[in-house]
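Enquirer: First, the structure itself, so that you have it in front of you.
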2 protein chains.
Amino acid sequence: MATDMTLMWFSGSPPCWRVMIALEEKNLQGYNQKLLDFLKGEHKSQEVLDINPRGQLPAFKHGNNILNESYAACLYLEEQFKSQGTRLIPMAAPEQALTYQRVFEGVPFMDKIANVIYYELKFPEGERHDSSLKRHREALTAELKLWEGYLEKLGAGSYLAGKSFTMADVVVFPCIAYVFRFGLSEKKYPWLAAYYGLLKERPSVKTSWPKNWLETPQAEGKLKDI
Amino acid sequence: MATDMTLMWFSGSPPCWRVMIALEEKNLQGYNQKLLDFLKGEHKSQEVLDINPRGQLPAFKHGNNILNESYAACLYLEEQFKSQGTRLIPMAAPEQALTYQRVFEGVPFMDKIANVIYYELKFPEGERHDSSLKRHREALTAELKLWEGYLEKLGAGSYLAGKSFTMADVVVFPCIAYVFRFGLSEKKYPWLAAYYGLLKERPSVKTSWPKNWLETPQAEGKLKDI
């Protein structure tokens, strides 16, 4: 039981979800957790600021070791519990290279999703332009096509870095679940849709599925025409 | 001699510089390299696109293994050549946690630098607002203060994750060099300035110092009032 670990998180936040999937994959169940409310601004509470001066979630502690960036927490957990649960960074150089490559392509992927989905949140009213939203939507479309192509090239039943589930899936799957939640067309992106269907059934993903998504499976269809 | 490695890079690009520092620290000299010209758009050439469909640099190959995201290349090199050269990810959990944490705080740090320095490049003319540039400058100021505080807390002569040089320095130092190049005040940020002075003399950093920075040590003073 991972009783020496504490995670503060938001339900449905891709960065928080990553850490929860990594914990499940490494068989680190039973950690302390505190679900906070973004709309109430609970991530700016003193309790969070004491761990994370950025006032962001996830905020994660293992004993006295603090890891607030989701990628940092995931890589730390893999390194500290290498032989426990799923091996997330393959040892063989070709698979390892592809895993790291896709893990870090997850950064611009998430950025581009946020630029469209959180457009109103990121840009105050007087600073919004049809031209900029259009550009962000085009950038996200190009990004989604890249990932669609990666999966197509790997073939049916593949994970993001090949035949095995890896850290690339831990960090990028929540992004892919997010785009479908916001209405991305399964018809237009069949490889992403098949991957989404495969991962949805994985125990680590199922167990950590955002509770509020079960209640309202679809969000506003911001990506339906992407 | 790392003759089975090829790096395509821009001079003075923090992401490219990271990979060069990592290669030096891991004693991987003698790799093939190709310096490209951003202003001539050489990163959109077929040669780059064949390795990196994003048309961005760095583009890096080790044998047939492709790593185009700078963080991916650095972590792969550490993992593949763990016992060679400098150990960049400490083994002890507390140091390892802090290293990963700072490594990934490097991502928002670089983003915030880019939002100010490349403001005109990122936002077309009709979409620029004094209010948004002001907000980006404030975000960068807050970010710089965080790093200044981290260094102050660690004390004189420290690296970003403690008493030893780590991956945190590999990926974040180029950002810090960048802000001083663009005129950041050494007086206002004495801990960052001391760190900059310390790292500047490190062989891996000195050897890989951007050639065009030697010719023109200071860029436009965009950050002088930050």
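By order in the structure tokens, chains are A, B, ...; within a chain, residues start at 1; ligands start at 1, following the order shown.
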Given a cut-off of 6 Å, which residues of chain B touch chain A, counting only C-alpha atoms, written out as a PyMOL selection string?
Expert: chain B and resi 65+67+72+94+97+100-101
Enquirer: What does the file look like for those residues with N, CA, C and O atoms, as a tab-separated table (two decimals), in the first residue's frame?
Expert:
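Ended up saving to out_28.tsv:
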```
chain	number	residue	atom	x	y	z
B	65	ASN	N	17.50	5.19	-34.60
B	65	ASN	CA	16.57	5.70	-33.59
B	65	ASN	C	16.49	7.23	-33.67
B	65	ASN	O	17.51	7.91	-33.63
B	67	LEU	N	15.15	10.90	-32.36
B	67	LEU	CA	14.70	11.65	-31.18
B	67	LEU	C	14.74	13.13	-31.52
B	67	LEU	O	15.82	13.74	-31.56
B	72	ALA	N	13.42	14.41	-25.00
B	72	ALA	CA	13.47	12.98	-25.33
B	72	ALA	C	14.90	12.56	-25.63
B	72	ALA	O	15.39	11.54	-25.12
B	94	PRO	N	15.59	11.45	-3.09
B	94	PRO	CA	15.35	12.89	-2.90
B	94	PRO	C	15.97	13.75	-4.02
B	94	PRO	O	15.32	14.65	-4.54
B	97	ALA	N	14.09	13.12	-7.30
B	97	ALA	CA	12.80	13.82	-7.34
B	97	ALA	C	13.00	15.29	-7.70
B	97	ALA	O	12.30	15.83	-8.57
B	100	TYR	N	14.00	15.69	-11.46
B	100	TYR	CA	12.88	15.57	-12.39
B	100	TYR	C	11.94	16.78	-12.26
B	100	TYR	O	11.44	17.31	-13.26
B	101	GLN	N	11.70	17.20	-11.03
B	101	GLN	CA	10.80	18.34	-10.83
B	101	GLN	C	11.32	19.58	-11.56
B	101	GLN	O	10.59	20.25	-12.30
```
Enquirer: Compile the contact shell of stretch 183-190 of chain B as a list in words: residues with an atom at most 7 Å away, counting only C-alpha atoms, same-chain residues fewer than 6 positions apart removed.
Expert: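 The filter keeps Glu148, Gly221, Lys222, Leu223, Lys224 and Ile226 of chain B.
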Enquirer: Only all heavy atoms, please: the residues just picked out, written as a PDB file, in the first residue's frame.
Expert:
```pdb
ATOM      1  N   GLU B 148      14.971  32.186  -9.199  1.00  0.00           N
ATOM      2  CA  GLU B 148      15.876  32.949  -8.329  1.00  0.00           C
ATOM      3  C   GLU B 148      15.749  32.420  -6.894  1.00  0.00           C
ATOM      4  O   GLU B 148      16.746  32.190  -6.208  1.00  0.00           O
ATOM      5  CB  GLU B 148      15.491  34.447  -8.419  1.00  0.00           C
ATOM      6  CG  GLU B 148      16.310  35.400  -7.559  1.00  0.00           C
ATOM      7  CD  GLU B 148      17.701  35.702  -8.100  1.00  0.00           C
ATOM      8  OE1 GLU B 148      18.047  35.259  -9.226  1.00  0.00           O
ATOM      9  OE2 GLU B 148      18.472  36.374  -7.371  1.00  0.00           O
ATOM     10  N   GLY B 221      17.701  44.166 -26.109  1.00  0.00           N
ATOM     11  CA  GLY B 221      17.477  44.111 -24.666  1.00  0.00           C
ATOM     12  C   GLY B 221      16.026  43.939 -24.249  1.00  0.00           C
ATOM     13  O   GLY B 221      15.531  44.652 -23.363  1.00  0.00           O
ATOM     14  N   LYS B 222      15.339  42.967 -24.833  1.00  0.00           N
ATOM     15  CA  LYS B 222      13.901  42.812 -24.584  1.00  0.00           C
ATOM     16  C   LYS B 222      13.566  42.530 -23.131  1.00  0.00           C
ATOM     17  O   LYS B 222      12.438  42.736 -22.704  1.00  0.00           O
ATOM     18  CB  LYS B 222      13.348  41.666 -25.441  1.00  0.00           C
ATOM     19  CG  LYS B 222      13.215  42.026 -26.902  1.00  0.00           C
ATOM     20  CD  LYS B 222      12.416  40.953 -27.646  1.00  0.00           C
ATOM     21  CE  LYS B 222      12.229  41.374 -29.099  1.00  0.00           C
ATOM     22  NZ  LYS B 222      11.463  40.415 -29.878  1.00  0.00           N
ATOM     23  N   LEU B 223      14.531  42.017 -22.390  1.00  0.00           N
ATOM     24  CA  LEU B 223      14.225  41.634 -21.005  1.00  0.00           C
ATOM     25  C   LEU B 223      14.872  42.572 -19.991  1.00  0.00           C
ATOM     26  O   LEU B 223      14.901  42.267 -18.803  1.00  0.00           O
ATOM     27  CB  LEU B 223      14.665  40.185 -20.743  1.00  0.00           C
ATOM     28  CG  LEU B 223      14.107  39.125 -21.689  1.00  0.00           C
ATOM     29  CD1 LEU B 223      14.518  37.732 -21.233  1.00  0.00           C
ATOM     30  CD2 LEU B 223      12.587  39.209 -21.779  1.00  0.00           C
ATOM     31  N   LYS B 224      15.381  43.711 -20.469  1.00  0.00           N
ATOM     32  CA  LYS B 224      16.147  44.526 -19.512  1.00  0.00           C
ATOM     33  C   LYS B 224      15.297  45.116 -18.383  1.00  0.00           C
ATOM     34  O   LYS B 224      15.815  45.347 -17.297  1.00  0.00           O
ATOM     35  CB  LYS B 224      17.019  45.570 -20.223  1.00  0.00           C
ATOM     36  CG  LYS B 224      16.311  46.708 -20.884  1.00  0.00           C
ATOM     37  CD  LYS B 224      17.374  47.649 -21.482  1.00  0.00           C
ATOM     38  CE  LYS B 224      16.808  48.628 -22.497  1.00  0.00           C
ATOM     39  NZ  LYS B 224      15.466  49.132 -22.335  1.00  0.00           N
ATOM     40  N   ILE B 226      12.629  43.547 -17.064  1.00  0.00           N
ATOM     41  CA  ILE B 226      11.816  42.457 -16.479  1.00  0.00           C
ATOM     42  C   ILE B 226      12.175  42.284 -15.005  1.00  0.00           C
ATOM     43  O   ILE B 226      13.318  42.269 -14.660  1.00  0.00           O
ATOM     44  CB  ILE B 226      12.062  41.143 -17.269  1.00  0.00           C
ATOM     45  CG1 ILE B 226      11.348  41.190 -18.609  1.00  0.00           C
ATOM     46  CG2 ILE B 226      11.647  39.931 -16.448  1.00  0.00           C
ATOM     47  CD1 ILE B 226       9.924  40.681 -18.626  1.00  0.00           C
TER      48      ILE B 226
END
```
Enquirer: Would you give me, as a ChimeraX atom specification, the residues in stretch 18-213 of chain A that DSSP reads as alpha helix (DSSP H)?
Expert: /A:18-25,46-51,70-80,93-117,119-122,130-154,167-181,190-200,203-207,211-213
Enquirer: With a distance cut-off of 8 Å and only C-alpha atoms, select the neighbouring residues of stretch 169-179 of chain B, excluding the residue or stretch itself and same-chain residues fewer than 5 positions from it, and output the selection as a PyMOL selection string.
Expert: chain B and resi 14-15+17-19+21-22+71+103+106+109-110+113+159-161+184+192+196+199+223
